[in-house]
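Trainee: Quick one: structure below, then a few questions.
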Amino acid sequence: MKITDVELFVLKADGLYDNPEGAEEPAGPTYMGLVKVSTDAGICGYSDMETSASVAKACIDAPRWSQAEDMEFMDGLRSLLVGQNPLEVERLWYRMYRGTIYFGRRGAAIQALSAIDIALWDICGKAYGQPVHILLGGKWRDKVRAYGSTLFRPTPEAMKIAVKGYIDQGFTAVKFGWGVFGKDRRMDVQLVEAAREALGANRDLLVDTGWFVERTAKEAIQLVRSIEQFDPFFVEELLHPEDYDGYRQVAESTDVRIACGEQEATDWGFQTLIERGGVDVLQPDLSRCGGFTVARKIVHMAERANRLVIPHSWSSDLLTAASLHLTAFQRRAEFVEFNTSQGPLSRLLVKEPLQMEDGFLRVPEGPGLGVEVNDEVIERYRIA
Ligand code: MG
């Protein structure tokens, strides 16, 4: 089998990215990049990604630059892959990483590489007739508890209304993040308190404090102390993603689990986050960290270091399905992140949207990612 094409479609939905001033559900992603890898066997692999799709598209479409075979270092990703055997995922991962190293390593290039890697695992699964979690090494569970992932609402009352809605949908865990959080320290505590009150003692509350709020490590420690009474399962992204020493300071100061990693990439990055950052919960986003090829190594590293892996996934059902495969493969898994927004790119990208049952999502059983993209939806929202 040979790869015949690598394409990135830029999709654009109507609606806002979020709605921090209102109490309603955020609309979800406005833009999305969808990668399609085609083969001469008629099998195609897909992945969405959460980054600037237009920049990632340039990383794929850029021409071959290098003059000599096996001396590639600033070539477009398509040029590195066409003609290659898609089943050789690990060799192709390194071929892509090394072949883009002058402009790549992190950022849009590794994100484009990540989506391609997911699409290659999708192709492998379809070629072998097996779901991705079997190719990763096996399935430890059939279903994973989903946490509803949404934005902070502006008032305690609006928080309670929102929580009630998620309980009615069947969620047993909810994460609030971003929105108004970080603007007023006292209000922040009241919002978390309202969420805990509405959730009751038997459901889980997760808090994403937003890395873009400038905090020192000591301010982050104060923040954790002010909300630990509400028993958060974890507190996420208290600091800038590069502040590894700050993360260690915070992690060593508290018994509350500290989570980070949605912007981290490569196994080298996650090794740093474990060893230097000392965080308790690693949150690789499959479409940013380097795809399954890297995430599989992260799971191994985390198991050796006795940390949790709860993948970041705030995009479409395609990325959620990928995260379910990774989560199925972990010996211990707590949650899969489920984007609650109802925008068309969140909900309509696959033919059969994922359905929650009693707060759990089933691990897809079909070959590859086990979900099929909806070509009509792609054509309807495609702008490039
Ligand atoms: Mg986050």
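Please note that chains go A, B, ... in the order of the structure tokens, that every chain numbers its residues from 1, and that ligands are numbered from 1 in the order shown.
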What residues of the protein or nucleic acid chains come within 8 Å of ligand 1 when you use only C-alpha atoms and all ligand atoms? Reply as a JSON list (two decimals) with N, CA and C atoms, in the first residue's frame.
Mentor:
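The resulting out_26.json:
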```
[["chain", "number", "residue", "atom", "x", "y", "z"],
["A", 177, "GLY", "N", -14.03, 25.89, 32.78],
["A", 177, "GLY", "CA", -12.76, 26.56, 32.55],
["A", 177, "GLY", "C", -12.94, 27.88, 31.83],
["A", 178, "TRP", "N", -11.88, 28.68, 31.83],
["A", 178, "TRP", "CA", -11.80, 29.90, 31.05],
["A", 178, "TRP", "C", -12.99, 30.84, 31.34],
["A", 208, "ASP", "N", -10.53, 24.26, 35.21],
["A", 208, "ASP", "CA", -9.46, 24.72, 34.32],
["A", 208, "ASP", "C", -9.30, 26.22, 34.53],
["A", 209, "THR", "N", -8.19, 26.60, 35.16],
["A", 209, "THR", "CA", -8.05, 27.99, 35.61],
["A", 209, "THR", "C", -7.57, 28.93, 34.50],
["A", 210, "GLY", "N", -7.13, 28.38, 33.36],
["A", 210, "GLY", "CA", -6.74, 29.24, 32.23],
["A", 210, "GLY", "C", -5.32, 29.75, 32.35],
["A", 211, "TRP", "N", -4.41, 29.18, 31.56],
["A", 211, "TRP", "CA", -2.99, 29.56, 31.63],
["A", 211, "TRP", "C", -2.77, 31.03, 31.26],
["A", 236, "GLU", "N", -6.45, 22.61, 36.64],
["A", 236, "GLU", "CA", -5.73, 22.55, 35.37],
["A", 236, "GLU", "C", -5.11, 23.89, 35.00],
["A", 237, "GLU", "N", -3.93, 23.83, 34.42],
["A", 237, "GLU", "CA", -3.26, 24.95, 33.76],
["A", 237, "GLU", "C", -3.27, 26.24, 34.59],
["A", 260, "CYS", "N", -1.87, 19.41, 33.57],
["A", 260, "CYS", "CA", -1.27, 20.28, 32.56],
["A", 260, "CYS", "C", -0.89, 19.41, 31.35],
["A", 262, "GLU", "N", -2.00, 20.19, 27.71],
["A", 262, "GLU", "CA", -2.72, 20.26, 26.43],
["A", 262, "GLU", "C", -1.91, 21.00, 25.36],
["A", 312, "HIS", "N", -6.56, 15.74, 26.57],
["A", 312, "HIS", "CA", -7.32, 16.94, 26.24],
["A", 312, "HIS", "C", -8.02, 16.71, 24.92]]
```
Trainee: List as a VMD selection string the protein and nucleic acid residues near Ala112 in chain A, meaning an atom at most 8 Å away when only C-alpha atoms are counted, but skip any in the same chain fewer than 2 places from it.
Mentor: chain A and resid 49 56 to 57 59 to 60 108 to 110 114 to 116 287 to 288
Trainee: For the selection you just gave me, I'd like the residues written to a file as an mmCIF file, in the first residue's frame, keeping C-alpha atoms.
Mentor:
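Okay, this is what ended up in out-v8.cif:
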```cif
data_model
loop_
_atom_site.group_PDB
_atom_site.id
_atom_site.type_symbol
_atom_site.label_atom_id
_atom_site.label_comp_id
_atom_site.auth_asym_id
_atom_site.auth_seq_id
_atom_site.Cartn_x
_atom_site.Cartn_y
_atom_site.Cartn_z
ATOM 1 C CA MET A 49 -7.050 19.139 14.855
ATOM 2 C CA ALA A 56 -1.096 23.766 9.512
ATOM 3 C CA LYS A 57 -2.262 23.555 5.886
ATOM 4 C CA CYS A 59 3.029 22.924 6.677
ATOM 5 C CA ILE A 60 1.415 20.139 4.643
ATOM 6 C CA ALA A 108 1.666 24.157 13.817
ATOM 7 C CA ALA A 109 4.126 21.707 12.241
ATOM 8 C CA ILE A 110 3.902 19.159 15.074
ATOM 9 C CA SER A 114 -0.095 14.838 14.878
ATOM 10 C CA ALA A 115 -3.257 14.844 12.774
ATOM 11 C CA ILE A 116 -1.477 12.934 9.992
ATOM 12 C CA SER A 287 -3.980 16.347 17.669
ATOM 13 C CA ARG A 288 -1.136 18.426 19.146
#
```
Trainee: Under the rule that only C-alpha atoms are counted, which of A:Arg203, A:Gln249, A:Ala384, A:Phe234 is the nearest residue to Thr216 in chain A?
Mentor: A:Gln249
Trainee: Just want the 10 Å neighbourhood of Leu136 in chain A, counted on only C-alpha atoms, with same-chain residues fewer than 4 positions away dropped. Output as a PyMOL selection string.
Mentor: chain A and resi 121+131-132+292-293+295-296+325-326+328-330
Trainee: Of the residues A:Val180, A:Met159, A:Leu77, A:Ile167, which is the one nearest to Ala195 in chain A, using only C-alpha atoms?
Mentor: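 When distances to Ala195 in chain A are compared using only C-alpha atoms, the smallest one comes from A:Met159.
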Trainee: Pick the closest to Gly291 in chain A from A:Asp245, A:Glu24, A:Glu72, A:Asp122: which is it, counting only C-alpha atoms?
Mentor: A:Asp122
Trainee: With distances taken over only C-alpha atoms, which residue among A:Leu205, A:Leu113, A:Ala58, A:Ala27 lies nearest Glu228 in chain A?
Mentor: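 Smallest distance to Glu228 in chain A is found for A:Leu205.
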Trainee: Here is a test: counting only C-alpha atoms, which residue of A:Leu199, A:Leu8, A:Ile123, A:Leu151 is nearest to Glu88 in chain A?
Mentor: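 Using only C-alpha atoms, the shortest distance to Glu88 in chain A belongs to A:Ile123.
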